[in-house]
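K.L.:
File follows, structure34.tsv with TSV, C-alpha atoms:
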```
chain	number	residue	atom	x	y	z
A	1	MET	CA	13.35	-0.98	16.11
A	2	ASN	CA	10.49	-2.99	14.68
A	3	LYS	CA	11.82	-6.27	13.30
A	4	MET	CA	9.98	-5.73	9.98
A	5	GLN	CA	11.62	-2.36	9.40
A	6	PRO	CA	14.50	-2.30	6.92
A	7	THR	CA	17.99	-1.14	7.81
A	8	ALA	CA	18.01	1.22	4.81
A	9	THR	CA	15.47	3.90	4.02
A	10	ALA	CA	13.19	2.55	1.25
A	11	PRO	CA	16.10	1.40	-0.95
A	12	GLY	CA	15.56	2.12	-4.64
A	13	VAL	CA	12.50	4.32	-4.08
A	14	LYS	CA	12.77	8.01	-4.92
A	15	GLN	CA	12.04	9.96	-1.76
A	16	VAL	CA	9.78	12.97	-1.40
A	17	PRO	CA	11.88	15.87	-0.01
A	18	LEU	CA	11.79	16.52	3.71
A	19	LEU	CA	9.38	19.20	4.90
A	20	THR	CA	10.55	22.69	5.71
A	21	THR	CA	9.93	24.27	9.09
A	22	SER	CA	7.19	26.46	7.61
A	23	GLU	CA	5.50	23.40	6.06
A	24	ILE	CA	5.54	21.59	9.40
A	25	ALA	CA	4.07	24.70	11.03
A	26	ARG	CA	1.25	24.80	8.46
A	27	PHE	CA	0.59	21.10	8.96
A	28	LYS	CA	0.34	21.56	12.73
A	29	ARG	CA	-1.94	24.59	12.39
A	30	ASP	CA	-4.24	23.36	9.62
A	31	GLY	CA	-4.01	19.59	10.07
A	32	PHE	CA	-3.16	19.04	6.40
A	33	LEU	CA	-0.54	19.95	3.81
A	34	VAL	CA	-0.71	19.69	0.01
A	35	LEU	CA	2.52	18.71	-1.80
A	36	PRO	CA	1.95	19.17	-5.56
A	37	ALA	CA	3.37	16.62	-8.04
A	38	VAL	CA	5.97	15.08	-5.70
A	39	LEU	CA	5.49	11.40	-6.60
A	40	ASP	CA	7.31	9.44	-9.32
A	41	PRO	CA	5.46	10.03	-12.63
A	42	GLU	CA	6.29	6.52	-13.85
A	43	LEU	CA	4.73	4.91	-10.77
A	44	CYS	CA	1.68	7.15	-11.19
A	45	HIS	CA	1.44	5.92	-14.80
A	46	GLN	CA	1.77	2.31	-13.63
A	47	ALA	CA	-1.03	2.83	-11.10
A	48	ARG	CA	-3.29	4.36	-13.76
A	49	GLU	CA	-2.64	1.42	-16.08
A	50	ALA	CA	-3.44	-0.99	-13.24
A	51	MET	CA	-6.70	0.84	-12.63
A	52	TRP	CA	-7.74	0.68	-16.28
A	53	ASP	CA	-6.74	-3.00	-16.47
A	54	ALA	CA	-9.02	-3.66	-13.49
A	55	VAL	CA	-11.79	-1.63	-15.12
A	56	ALA	CA	-11.48	-3.57	-18.39
A	57	THR	CA	-11.90	-6.83	-16.47
A	58	HIS	CA	-14.53	-5.90	-13.92
A	59	LEU	CA	-16.28	-2.76	-15.24
A	60	PRO	CA	-16.01	-3.07	-19.03
A	61	HIS	CA	-18.85	-0.59	-19.62
A	62	LEU	CA	-16.36	2.18	-18.68
A	63	LYS	CA	-14.54	2.88	-21.95
A	64	ARG	CA	-11.20	4.58	-21.40
A	65	ASP	CA	-11.49	6.93	-24.38
A	66	ASP	CA	-15.18	7.75	-23.97
A	67	PRO	CA	-16.06	9.80	-20.87
A	68	THR	CA	-19.76	9.58	-21.76
A	69	THR	CA	-19.58	5.92	-20.59
A	70	TRP	CA	-18.17	6.81	-17.17
A	71	LYS	CA	-21.41	6.03	-15.36
A	72	PRO	CA	-22.15	3.89	-12.28
A	73	ALA	CA	-22.60	0.16	-12.75
A	74	SER	CA	-26.11	-1.25	-12.60
A	75	ASP	CA	-27.37	-2.52	-9.26
A	76	LYS	CA	-27.20	-6.07	-10.57
A	77	LYS	CA	-23.60	-5.65	-11.75
A	78	SER	CA	-22.58	-4.02	-8.46
A	79	ALA	CA	-24.14	-6.78	-6.41
A	80	ARG	CA	-22.30	-9.40	-8.45
A	81	LEU	CA	-18.95	-7.62	-8.11
A	82	ASN	CA	-19.36	-6.94	-4.41
A	83	ALA	CA	-20.01	-10.63	-3.73
A	84	GLN	CA	-16.76	-11.80	-5.35
A	85	ARG	CA	-14.57	-12.11	-2.28
A	86	PRO	CA	-11.22	-13.93	-2.64
A	87	ASP	CA	-11.01	-17.49	-1.32
A	88	ILE	CA	-8.44	-16.44	1.29
A	89	GLY	CA	-10.69	-13.64	2.57
A	90	GLY	CA	-10.73	-9.89	2.23
A	91	ASP	CA	-12.74	-7.48	0.13
A	92	PRO	CA	-13.44	-8.11	-3.56
A	93	TYR	CA	-10.55	-6.92	-5.72
A	94	VAL	CA	-12.93	-4.45	-7.41
A	95	PHE	CA	-16.24	-3.31	-5.93
A	96	THR	CA	-18.60	-0.39	-6.37
A	97	GLU	CA	-20.80	1.96	-4.40
A	98	GLY	CA	-22.84	4.39	-6.48
A	99	HIS	CA	-20.49	6.73	-8.33
A	100	ARG	CA	-17.48	5.24	-6.59
A	101	PHE	CA	-15.47	2.16	-7.33
A	102	TYR	CA	-12.54	0.69	-5.46
A	103	VAL	CA	-9.53	-1.43	-6.39
A	104	ARG	CA	-8.06	-3.26	-3.41
A	105	ASN	CA	-4.47	-3.39	-4.67
A	106	GLY	CA	-2.95	-1.49	-1.77
A	107	ALA	CA	-0.70	-4.34	-0.60
A	108	GLU	CA	0.98	-4.72	-4.00
A	109	GLN	CA	4.61	-3.63	-4.13
A	110	PHE	CA	4.29	-0.92	-6.80
A	111	MET	CA	1.43	0.71	-4.89
A	112	LEU	CA	3.56	0.82	-1.75
A	113	ASP	CA	6.50	2.27	-3.67
A	114	LEU	CA	4.17	4.89	-5.21
A	115	ALA	CA	3.32	6.73	-1.97
A	116	PRO	CA	3.97	5.04	1.42
A	117	ARG	CA	7.60	4.19	0.74
A	118	ALA	CA	8.23	7.37	-1.27
A	119	LEU	CA	7.11	9.30	1.81
A	120	TRP	CA	9.15	7.19	4.22
A	121	GLN	CA	11.69	9.86	5.15
A	122	VAL	CA	8.87	12.39	5.63
A	123	ALA	CA	7.06	9.91	7.88
A	124	GLU	CA	10.16	9.46	10.02
A	125	GLN	CA	10.71	13.21	10.06
A	126	LEU	CA	7.21	13.71	11.45
A	127	LEU	CA	6.91	10.69	13.75
A	128	GLY	CA	10.51	10.00	14.68
A	129	GLU	CA	13.30	7.96	13.13
A	130	GLY	CA	12.95	4.25	13.85
A	131	THR	CA	9.38	4.63	15.21
A	132	VAL	CA	7.29	3.95	12.09
A	133	VAL	CA	5.84	0.60	10.97
A	134	TRP	CA	7.32	-0.43	7.62
A	135	PRO	CA	4.75	-1.20	4.86
A	136	ALA	CA	5.98	-4.64	3.77
A	137	GLY	CA	2.96	-5.55	1.65
A	138	ALA	CA	1.75	-9.02	0.72
A	139	ASP	CA	3.90	-12.16	0.58
A	140	ASP	CA	3.81	-14.81	-2.16
A	141	SER	CA	0.78	-16.44	-0.55
A	142	GLY	CA	-1.23	-13.23	-0.73
A	143	TYR	CA	-1.13	-12.47	3.00
A	144	THR	CA	0.31	-9.57	4.98
A	145	THR	CA	1.74	-9.71	8.51
A	146	GLY	CA	2.09	-6.79	10.89
A	147	PRO	CA	1.34	-5.45	14.38
A	148	CYS	CA	-2.20	-4.43	15.25
A	149	PHE	CA	-3.67	-2.72	18.31
A	150	MET	CA	-6.91	-4.66	18.78
A	151	SER	CA	-9.22	-1.85	19.84
A	152	ASP	CA	-12.98	-2.00	19.46
A	153	ASP	CA	-13.08	-0.10	16.17
A	154	VAL	CA	-10.30	-2.19	14.63
A	155	VAL	CA	-12.03	-5.45	15.58
A	156	ALA	CA	-15.28	-4.12	14.09
A	157	GLY	CA	-13.38	-3.31	10.89
A	158	LEU	CA	-11.95	-6.80	10.65
A	159	ALA	CA	-15.46	-8.20	10.70
A	160	THR	CA	-16.67	-5.97	7.87
A	161	HIS	CA	-13.80	-6.45	5.42
A	162	GLY	CA	-14.13	-10.11	4.67
A	163	VAL	CA	-11.64	-11.66	7.09
A	164	GLU	CA	-14.16	-13.22	9.45
A	165	ASP	CA	-14.01	-16.48	7.53
A	166	THR	CA	-10.24	-16.81	7.90
A	167	GLY	CA	-10.12	-17.25	11.66
A	168	GLN	CA	-11.83	-16.65	14.99
A	169	TRP	CA	-12.02	-12.95	15.77
A	170	PRO	CA	-13.03	-11.50	19.15
A	171	VAL	CA	-16.38	-9.79	19.46
A	172	GLU	CA	-14.88	-6.91	21.41
A	173	GLY	CA	-11.49	-5.25	21.34
A	174	SER	CA	-8.87	-6.42	23.81
A	175	PHE	CA	-7.01	-3.09	23.64
A	176	THR	CA	-3.76	-5.03	23.39
A	177	THR	CA	-1.39	-5.51	20.47
A	178	GLU	CA	-1.38	-8.59	18.26
A	179	ALA	CA	2.30	-8.62	17.32
A	180	ALA	CA	1.93	-10.36	13.95
A	181	LEU	CA	-1.64	-10.23	12.69
A	182	ARG	CA	-1.99	-12.09	9.39
A	183	LEU	CA	-4.46	-10.58	6.93
A	184	PRO	CA	-5.29	-11.28	3.27
A	185	GLY	CA	-3.92	-8.76	0.81
A	186	THR	CA	-7.36	-7.31	-0.01
A	187	GLY	CA	-8.36	-7.23	3.65
A	188	PRO	CA	-8.04	-4.27	6.06
A	189	VAL	CA	-4.24	-4.18	5.68
A	190	TRP	CA	-4.27	-0.56	6.83
A	191	SER	CA	-4.98	-1.91	10.32
A	192	THR	CA	-1.42	-3.23	10.46
A	193	GLY	CA	0.28	-0.61	8.30
A	194	GLN	CA	1.14	-3.25	5.71
A	195	GLY	CA	-0.77	-1.77	2.81
A	196	ALA	CA	-2.66	1.23	1.48
A	197	ARG	CA	-6.41	1.24	0.94
A	198	GLY	CA	-5.90	0.68	-2.77
A	199	LEU	CA	-7.49	3.00	-5.32
A	200	TYR	CA	-10.52	5.11	-4.44
A	201	CYS	CA	-12.15	6.36	-7.63
A	202	THR	CA	-15.08	8.73	-8.09
A	203	LEU	CA	-16.91	8.94	-11.42
A	204	PRO	CA	-18.04	12.26	-12.94
A	205	GLY	CA	-21.35	13.71	-11.84
A	206	SER	CA	-21.32	12.24	-8.34
A	207	PRO	CA	-24.17	13.44	-6.08
A	208	SER	CA	-23.76	16.44	-3.83
A	209	PRO	CA	-23.22	15.75	-0.11
A	210	GLY	CA	-25.70	18.56	0.55
A	211	PRO	CA	-25.21	21.79	2.50
A	212	ASP	CA	-24.58	19.79	5.69
A	213	TYR	CA	-21.84	17.72	4.01
A	214	ARG	CA	-23.40	14.43	5.07
A	215	GLY	CA	-20.74	11.75	5.12
A	216	ALA	CA	-18.01	14.06	6.42
A	217	HIS	CA	-16.21	12.29	9.24
A	218	SER	CA	-13.09	11.87	11.34
A	219	ASP	CA	-11.38	8.48	10.92
A	220	GLY	CA	-11.44	5.90	13.68
A	221	ALA	CA	-10.98	6.36	17.39
A	222	CYS	CA	-8.68	8.79	19.17
A	223	TYR	CA	-6.83	5.77	20.59
A	224	GLY	CA	-4.61	3.76	18.27
A	225	ARG	CA	-1.23	4.19	16.58
A	226	VAL	CA	-2.10	5.93	13.31
A	227	ARG	CA	-1.03	9.56	13.57
A	228	PHE	CA	-1.18	10.85	10.04
A	229	GLN	CA	-2.41	9.68	6.68
A	230	VAL	CA	-1.74	10.52	3.04
A	231	THR	CA	-4.02	10.84	0.05
A	232	ALA	CA	-2.13	10.59	-3.24
A	233	TYR	CA	-3.52	11.41	-6.68
A	234	ILE	CA	-2.28	9.20	-9.51
A	235	ASP	CA	-3.75	11.43	-12.24
A	236	ASP	CA	-4.43	15.13	-12.71
A	237	LEU	CA	-7.26	16.32	-10.48
A	238	PRO	CA	-8.71	19.78	-11.22
A	239	PRO	CA	-10.77	21.69	-8.64
A	240	GLY	CA	-14.27	20.36	-8.13
A	241	SER	CA	-13.41	16.88	-9.35
A	242	GLY	CA	-13.84	14.88	-6.16
A	243	GLY	CA	-10.68	15.95	-4.36
A	244	PHE	CA	-9.99	15.15	-0.73
A	245	THR	CA	-11.86	17.85	1.20
A	246	VAL	CA	-10.88	18.93	4.72
A	247	TRP	CA	-11.92	21.36	7.44
A	248	PRO	CA	-8.74	23.25	8.49
A	249	GLY	CA	-7.95	23.12	12.19
A	250	SER	CA	-10.60	20.52	12.96
A	251	HIS	CA	-7.97	17.94	13.97
A	252	ILE	CA	-7.26	19.76	17.23
A	253	ARG	CA	-10.92	20.17	18.12
A	254	VAL	CA	-11.88	16.57	17.29
A	255	TRP	CA	-8.84	15.14	19.07
A	256	ARG	CA	-9.63	17.04	22.25
A	257	ASP	CA	-13.33	16.22	22.32
A	258	GLN	CA	-12.93	12.54	21.43
A	259	TRP	CA	-10.36	12.06	24.17
A	260	GLN	CA	-12.66	13.78	26.66
A	261	ALA	CA	-15.49	11.44	25.62
A	262	PHE	CA	-13.19	8.42	26.00
A	263	LEU	CA	-12.16	9.56	29.49
A	264	GLU	CA	-15.85	9.79	30.32
A	265	GLY	CA	-16.27	6.14	29.31
A	266	GLU	CA	-17.43	6.32	25.68
A	267	LYS	CA	-15.80	4.05	23.11
A	268	HIS	CA	-15.74	4.71	19.38
A	269	THR	CA	-18.21	1.89	18.67
A	270	ASP	CA	-20.81	2.81	21.30
A	271	ASP	CA	-23.49	3.39	18.67
A	272	HIS	CA	-26.29	2.62	21.14
A	273	LEU	CA	-25.85	6.02	22.80
A	274	PRO	CA	-28.53	8.63	22.00
A	275	GLU	CA	-25.78	11.24	21.50
A	276	ARG	CA	-22.31	10.27	20.30
A	277	LYS	CA	-19.30	12.36	21.23
A	278	ALA	CA	-16.67	10.07	19.71
A	279	GLY	CA	-18.39	8.37	16.78
A	280	GLY	CA	-16.71	10.46	14.12
A	281	TYR	CA	-19.79	11.53	12.11
A	282	THR	CA	-22.37	13.43	14.14
A	283	ASP	CA	-20.31	14.35	17.20
A	284	PRO	CA	-21.24	17.80	18.55
A	285	VAL	CA	-17.72	19.05	17.74
A	286	ILE	CA	-18.13	17.93	14.12
A	287	LEU	CA	-21.46	19.69	13.78
A	288	ARG	CA	-19.94	22.87	15.22
A	289	THR	CA	-16.97	22.62	12.87
A	290	LYS	CA	-19.20	22.27	9.82
A	291	ALA	CA	-21.09	25.37	10.92
A	292	ASP	CA	-18.12	27.67	11.53
A	293	THR	CA	-15.32	26.46	9.22
A	294	ARG	CA	-15.10	26.57	5.42
A	295	PRO	CA	-13.89	23.27	3.88
A	296	VAL	CA	-10.94	23.15	1.47
A	297	ASP	CA	-10.91	21.11	-1.77
A	298	CYS	CA	-7.40	19.62	-2.09
A	299	HIS	CA	-6.61	19.25	-5.80
A	300	GLY	CA	-3.51	19.13	-7.97
A	301	PRO	CA	-1.63	17.47	-10.83
A	302	ALA	CA	-0.73	13.79	-10.96
A	303	GLY	CA	1.62	12.84	-8.13
A	304	THR	CA	0.13	15.36	-5.69
A	305	VAL	CA	0.02	14.23	-2.05
A	306	VAL	CA	-2.16	15.51	0.79
A	307	LEU	CA	-0.68	14.88	4.23
A	308	TRP	CA	-3.37	14.96	6.92
A	309	HIS	CA	-3.67	14.43	10.64
A	310	THR	CA	-5.76	11.31	11.15
A	311	LYS	CA	-8.35	13.17	13.25
A	312	ILE	CA	-9.11	15.93	10.75
A	313	LEU	CA	-12.72	16.20	9.55
A	314	HIS	CA	-12.81	15.21	5.89
A	315	ILE	CA	-14.87	13.87	3.00
A	316	ALA	CA	-14.29	12.72	-0.57
A	317	GLY	CA	-15.50	15.74	-2.51
A	318	GLN	CA	-18.24	15.84	-5.13
A	319	ASN	CA	-16.98	15.21	-8.66
A	320	THR	CA	-18.73	17.89	-10.70
A	321	SER	CA	-16.63	17.28	-13.81
A	322	THR	CA	-17.80	15.51	-16.96
A	323	ASP	CA	-14.48	13.97	-18.04
A	324	VAL	CA	-12.37	13.30	-14.92
A	325	ILE	CA	-12.27	10.18	-12.75
A	326	ARG	CA	-10.87	11.00	-9.35
A	327	GLN	CA	-8.13	8.44	-8.74
A	328	ALA	CA	-6.52	8.38	-5.31
A	329	THR	CA	-4.81	6.02	-2.89
A	330	ILE	CA	-4.81	6.42	0.89
A	331	TYR	CA	-2.30	5.21	3.48
A	332	GLY	CA	-1.94	5.71	7.24
A	333	PHE	CA	1.46	5.78	8.95
A	334	GLN	CA	1.58	4.03	12.32
A	335	LYS	CA	3.86	4.22	15.31
A	336	THR	CA	5.53	0.93	16.22
A	337	PRO	CA	4.49	-0.91	19.40
A	338	GLU	CA	8.03	-0.38	20.70
A	339	SER	CA	7.78	3.39	20.31
A	340	LEU	CA	4.20	3.59	21.60
A	341	PRO	CA	3.52	0.73	24.06
A	342	ASP	CA	-0.02	-0.44	24.77
A	343	PRO	CA	-0.42	1.46	28.07
A	344	LEU	CA	0.35	4.75	26.31
A	345	VAL	CA	-2.09	4.14	23.45
A	346	THR	CA	-5.02	4.69	25.82
A	347	ASP	CA	-3.14	6.80	28.37
A	348	GLU	CA	-5.60	8.94	30.33
A	349	THR	CA	-3.19	11.86	30.27
A	350	ASN	CA	-3.08	11.86	26.45
A	351	VAL	CA	-4.40	15.35	25.84
A	352	ASP	CA	-1.31	16.60	23.98
A	353	ILE	CA	-2.05	16.07	20.29
A	354	TRP	CA	1.68	16.17	19.42
A	355	ARG	CA	2.96	13.94	22.22
A	356	ASP	CA	3.75	10.98	19.93
A	357	TRP	CA	5.39	13.00	17.16
A	358	SER	CA	9.08	13.72	16.56
A	359	GLU	CA	11.04	16.25	18.56
A	360	GLU	CA	11.37	18.28	15.35
A	361	VAL	CA	7.58	18.53	15.04
A	362	ARG	CA	7.09	19.28	18.71
A	363	ALA	CA	9.63	22.09	18.55
A	364	VAL	CA	7.89	23.92	15.70
A	365	ASN	CA	5.48	26.73	16.61
A	366	GLU	CA	2.42	26.35	14.39
A	367	LEU	CA	1.86	30.11	14.50
A	368	GLN	CA	5.15	30.95	12.79
```
Now that the file is in, can you turn its structure into structure tokens?
P.N.:
Amino acid sequence: MNKMQPTATAPGVKQVPLLTTSEIARFKRDGFLVLPAVLDPELCHQAREAMWDAVATHLPHLKRDDPTTWKPASDKKSARLNAQRPDIGGDPYVFTEGHRFYVRNGAEQFMLDLAPRALWQVAEQLLGEGTVVWPAGADDSGYTTGPCFMSDDVVAGLATHGVEDTGQWPVEGSFTTEAALRLPGTGPVWSTGQGARGLYCTLPGSPSPGPDYRGAHSDGACYGRVRFQVTAYIDDLPPGSGGFTVWPGSHIRVWRDQWQAFLEGEKHTDDHLPERKAGGYTDPVILRTKADTRPVDCHGPAGTVVLWHTKILHIAGQNTSTDVIRQATIYGFQKTPESLPDPLVTDETNVDIWRDWSEEVRAVNELQ
């Protein structure tokens, strides 16, 4: 068992009920599962208050009681916010990108209790008891510590999330595990399973992704230890308000094709290639999926959770509302190095998409 994993299951945190056999079957078939209003309402309220506190400090033009003010920050304001990186490294606490703004509070304890820890027994049900990295969050110094498989895409991510000034990072991935990688609390703490991505918020009237859904992608490389992720809504999210949007069944197709590309020698970061098969955005399998599969807008009341296979094709939907801010947090559950050793992470025989999941998951027929 990972040394950072507690002996009790998320003590003091109300647990989301275990999945039924039919729910597991749907998850395996579709690659996602929506669980409406399963999270603690009080923690959702606390997260909303934290968001509005951050807005009052960093984006004061957004008035809580006046949706007509819910507009993107000016270019000048955005540039100033996006340059305010913490002294210890990491992303700015609040930063913006067009109609979206982000709050990097994912390593704070209440944010971890809100979704990752509340879903702990579900995570162990899906991945196997004693095989999941515990989300410990930040310590008193503002840092997190956890295991990290140093693949090429993870190393590239470290360089782009403000941690390059805190130490010497390799240029290329070693494809080995750093047992206790220390990262600032607003850094890429999802790389070690120690924090969520914070709050991802989309303002009303966000631009359309177009008929080709530009920006739709599959996260990361096929190699690694993240097997499924969760998107949790901290406030009510009606249809068409920027909900997490997925292409059902695409997880199986993307998984298969990305592994085949890897076995042919392509890495996730080989962006010099004229045609990418494992880049996650314009892969041939992704273009085919967009053409033949209808996407699903995952919406629901506050406390709704979307469980999704980490390889599913997805996008943050367009917010067509006039008075809703899409407020979501995202977390990825990882297998521990003990349960999935380095040689198996890039095992050439890894063509079974459910190999690293629990016996309960493997035993369920997705067609039932």
K.L.:
I need the residue nearest Leu126 in chain A from this list: A:Leu19, A:Leu263, A:Val345, A:Arg326. Use all atoms listed in the file for the distance.
P.N.:
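Looking at the shortest contact to Leu126 in chain A, the residue is A:Leu19.
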K.L.:
Under the rule that only C-alpha atoms are counted, which of A:Val133, A:Ala328, A:Leu127, A:Val189 is the nearest residue to Gly300 in chain A?
P.N.:
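Counting only C-alpha atoms, the residue closest to Gly300 in chain A is A:Ala328.
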K.L.:
CA of Glu348 in chain A and CA of Pro284 in chain A are how many Å apart?
P.N.:
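A separation of 21.5 Å between them.
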K.L.:
Using all atoms listed in the file, what does the table of range 268-327 of chain A residues within 12 Å of range 118-125 of chain A look like, with each row giving the shortest atom pair and its distance in Å to one decimal, sorted by chain and ascending number, as a tab-separated table?
P.N.:
```
residue	atom	partner	partner_atom	distance
A:Gly303	CA	A:Ala118	CA	11.0
A:Thr304	CA	A:Leu119	CA	11.9
A:Val305	CA	A:Leu119	CA	9.5
A:Val306	CA	A:Leu119	CA	11.2
A:Leu307	CA	A:Leu119	CA	9.9
A:Trp308	CA	A:Ala123	CA	11.6
A:His309	CA	A:Ala123	CA	12.0
```
K.L.:
Please determine, counting all atoms listed in the file, which residue among A:Ser206, A:Asn319, A:Thr144, A:Thr329 has the shortest atom-to-atom distance to Glu97 in chain A.
P.N.:
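Closest candidate: A:Ser206.
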K.L.:
Restricting the calculation to all atoms listed in the file: of A:Gly90, A:Gly185, A:Gly242, A:Gly157, which residue gets closest to Glu172 in chain A?
P.N.:
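For Glu172 in chain A, the nearest of the candidates is A:Gly157.
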K.L.:
Near Pro36 in chain A, counting only C-alpha atoms, which residues have an atom at most 12 Å away, once you skip same-chain residues fewer than 2 positions from it, shown as a PyMOL selection string?
P.N.:
chain A and resi 16-17+33-34+38-40+231-237+298-307
K.L.:
Selected residues, C-alpha atoms, written as a short mmCIF file (atom, residue, chain, number, x, y, z; two decimals), in the coordinates of the input, please.
P.N.:
```cif
data_model
loop_
_atom_site.label_atom_id
_atom_site.label_comp_id
_atom_site.auth_asym_id
_atom_site.auth_seq_id
_atom_site.Cartn_x
_atom_site.Cartn_y
_atom_site.Cartn_z
CA VAL A 16 9.78 12.97 -1.40
CA PRO A 17 11.88 15.87 -0.01
CA LEU A 33 -0.54 19.95 3.81
CA VAL A 34 -0.71 19.69 0.01
CA VAL A 38 5.97 15.08 -5.70
CA LEU A 39 5.49 11.40 -6.60
CA ASP A 40 7.31 9.44 -9.32
CA THR A 231 -4.02 10.84 0.05
CA ALA A 232 -2.13 10.59 -3.24
CA TYR A 233 -3.52 11.41 -6.68
CA ILE A 234 -2.28 9.20 -9.51
CA ASP A 235 -3.75 11.43 -12.24
CA ASP A 236 -4.43 15.13 -12.71
CA LEU A 237 -7.26 16.32 -10.48
CA CYS A 298 -7.40 19.62 -2.09
CA HIS A 299 -6.61 19.25 -5.80
CA GLY A 300 -3.51 19.13 -7.97
CA PRO A 301 -1.63 17.47 -10.83
CA ALA A 302 -0.73 13.79 -10.96
CA GLY A 303 1.62 12.84 -8.13
CA THR A 304 0.13 15.36 -5.69
CA VAL A 305 0.02 14.23 -2.05
CA VAL A 306 -2.16 15.51 0.79
CA LEU A 307 -0.68 14.88 4.23
#
```
K.L.:
I need the residue nearest Phe27 in chain A from this list: A:Arg197, A:Arg294, A:Arg288, A:His251. Use all atoms listed in the file for the distance.
P.N.:
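Selected residue with least distance to Phe27 in chain A: A:His251.
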K.L.:
Distance CA of Val324 in chain A-CA of Asn82 in chain A, one decimal place?
P.N.:
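If I compute the distance from CA of Val324 in chain A to CA of Asn82 in chain A, I get 23.9 Å.
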K.L.:
Figure out the distance between CA of Gly187 in chain A and CA of Ile312 in chain A, please, to one decimal in Å.
P.N.:
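Atom-to-atom, CA of Ile312 in chain A to CA of Gly187 in chain A, that is 24.2 Å.
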K.L.:
Draw an axis-aligned box over all listed atoms of range 75-92 of chain A, pad each side with 5 Å, and write its centre and edge lengths in Å, one decimal, as lines of an AutoDock Vina configuration file.
P.N.:
```
center_x = -17.9
center_y = -10.0
center_z = -4.6
size_x = 28.9
size_y = 25.0
size_z = 24.3
```
K.L.:
Identify, on the basis of only C-alpha atoms, every residue whose closest approach to Val351 in chain A does not exceed 12 Å; exclude the query and any residue fewer than 5 positions from it along the same chain; express the result as an MDAnalysis selection string.
P.N.:
chainID A and resid 222:223 252:263 344:346 356
K.L.:
Would you mind exporting the chosen residues as a compact mmCIF listing (two decimals), in the coordinates of the input, restricted to C-alpha atoms?
P.N.:
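Saved result, again_19.txt, follows:
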```txt
# COMPACT_ATOMS: atom_id res chain seq x y z
CA CYS A 222 -8.68 8.79 19.17
CA TYR A 223 -6.83 5.77 20.59
CA ILE A 252 -7.26 19.76 17.23
CA ARG A 253 -10.92 20.17 18.12
CA VAL A 254 -11.88 16.57 17.29
CA TRP A 255 -8.84 15.14 19.07
CA ARG A 256 -9.63 17.04 22.25
CA ASP A 257 -13.33 16.22 22.32
CA GLN A 258 -12.93 12.54 21.43
CA TRP A 259 -10.36 12.06 24.17
CA GLN A 260 -12.66 13.78 26.66
CA ALA A 261 -15.49 11.44 25.62
CA PHE A 262 -13.19 8.42 26.00
CA LEU A 263 -12.16 9.56 29.49
CA LEU A 344 0.35 4.75 26.31
CA VAL A 345 -2.09 4.14 23.45
CA THR A 346 -5.02 4.69 25.82
CA ASP A 356 3.75 10.98 19.93
```
K.L.:
Using all atoms listed in the file, which residues sit within 9 Å of range 264-268 of chain A once same-chain residues fewer than 5 positions away are excluded, as a PDB file with C-alpha atoms, in the coordinates of the input?
P.N.:
```
ATOM      1  CA  ASP A 152     -12.980  -2.000  19.460  1.00  0.00           C
ATOM      2  CA  ASP A 153     -13.080  -0.100  16.170  1.00  0.00           C
ATOM      3  CA  GLY A 220     -11.440   5.900  13.680  1.00  0.00           C
ATOM      4  CA  ALA A 221     -10.980   6.360  17.390  1.00  0.00           C
ATOM      5  CA  CYS A 222      -8.680   8.790  19.170  1.00  0.00           C
ATOM      6  CA  GLN A 258     -12.930  12.540  21.430  1.00  0.00           C
ATOM      7  CA  TRP A 259     -10.360  12.060  24.170  1.00  0.00           C
ATOM      8  CA  LEU A 273     -25.850   6.020  22.800  1.00  0.00           C
ATOM      9  CA  ARG A 276     -22.310  10.270  20.300  1.00  0.00           C
ATOM     10  CA  LYS A 277     -19.300  12.360  21.230  1.00  0.00           C
ATOM     11  CA  ALA A 278     -16.670  10.070  19.710  1.00  0.00           C
ATOM     12  CA  GLY A 279     -18.390   8.370  16.780  1.00  0.00           C
ATOM     13  CA  GLY A 280     -16.710  10.460  14.120  1.00  0.00           C
TER      14      GLY A 280
END
```
K.L.:
Which residues come within 6 Å of Gly317 in chain A, counting only C-alpha atoms, excluding same-chain residues fewer than 6 positions away, as a list of chain:residue names?
P.N.:
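Once the adjacent positions are removed, what remains is A:Gly242, A:Gly243, A:Phe244, A:Thr245.
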K.L.:
Which of these, A:Gly198, A:Val132, A:Tyr93, A:His61, has the shortest distance to Gln109 in chain A once you count all atoms listed in the file?
P.N.:
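Ranking A:Gly198, A:Val132, A:Tyr93, A:His61 by distance to Gln109 in chain A, first place goes to A:Gly198.
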K.L.:
Which residues, written as a PyMOL selection string, have at least one atom at most 10 Å from Pro209 in chain A, with only C-alpha atoms counted and residues fewer than 4 positions away on the same chain left out?
P.N.:
chain A and resi 213-216+315-318
K.L.:
For the point (-13.4, -1.2, -16.7) in file coordinates, what residues are within 12 Å, counting only C-alpha atoms? Give the answer as a PyMOL selection string?
P.N.:
chain A and resi 48-66+69-73+94-96+101-103+201+203
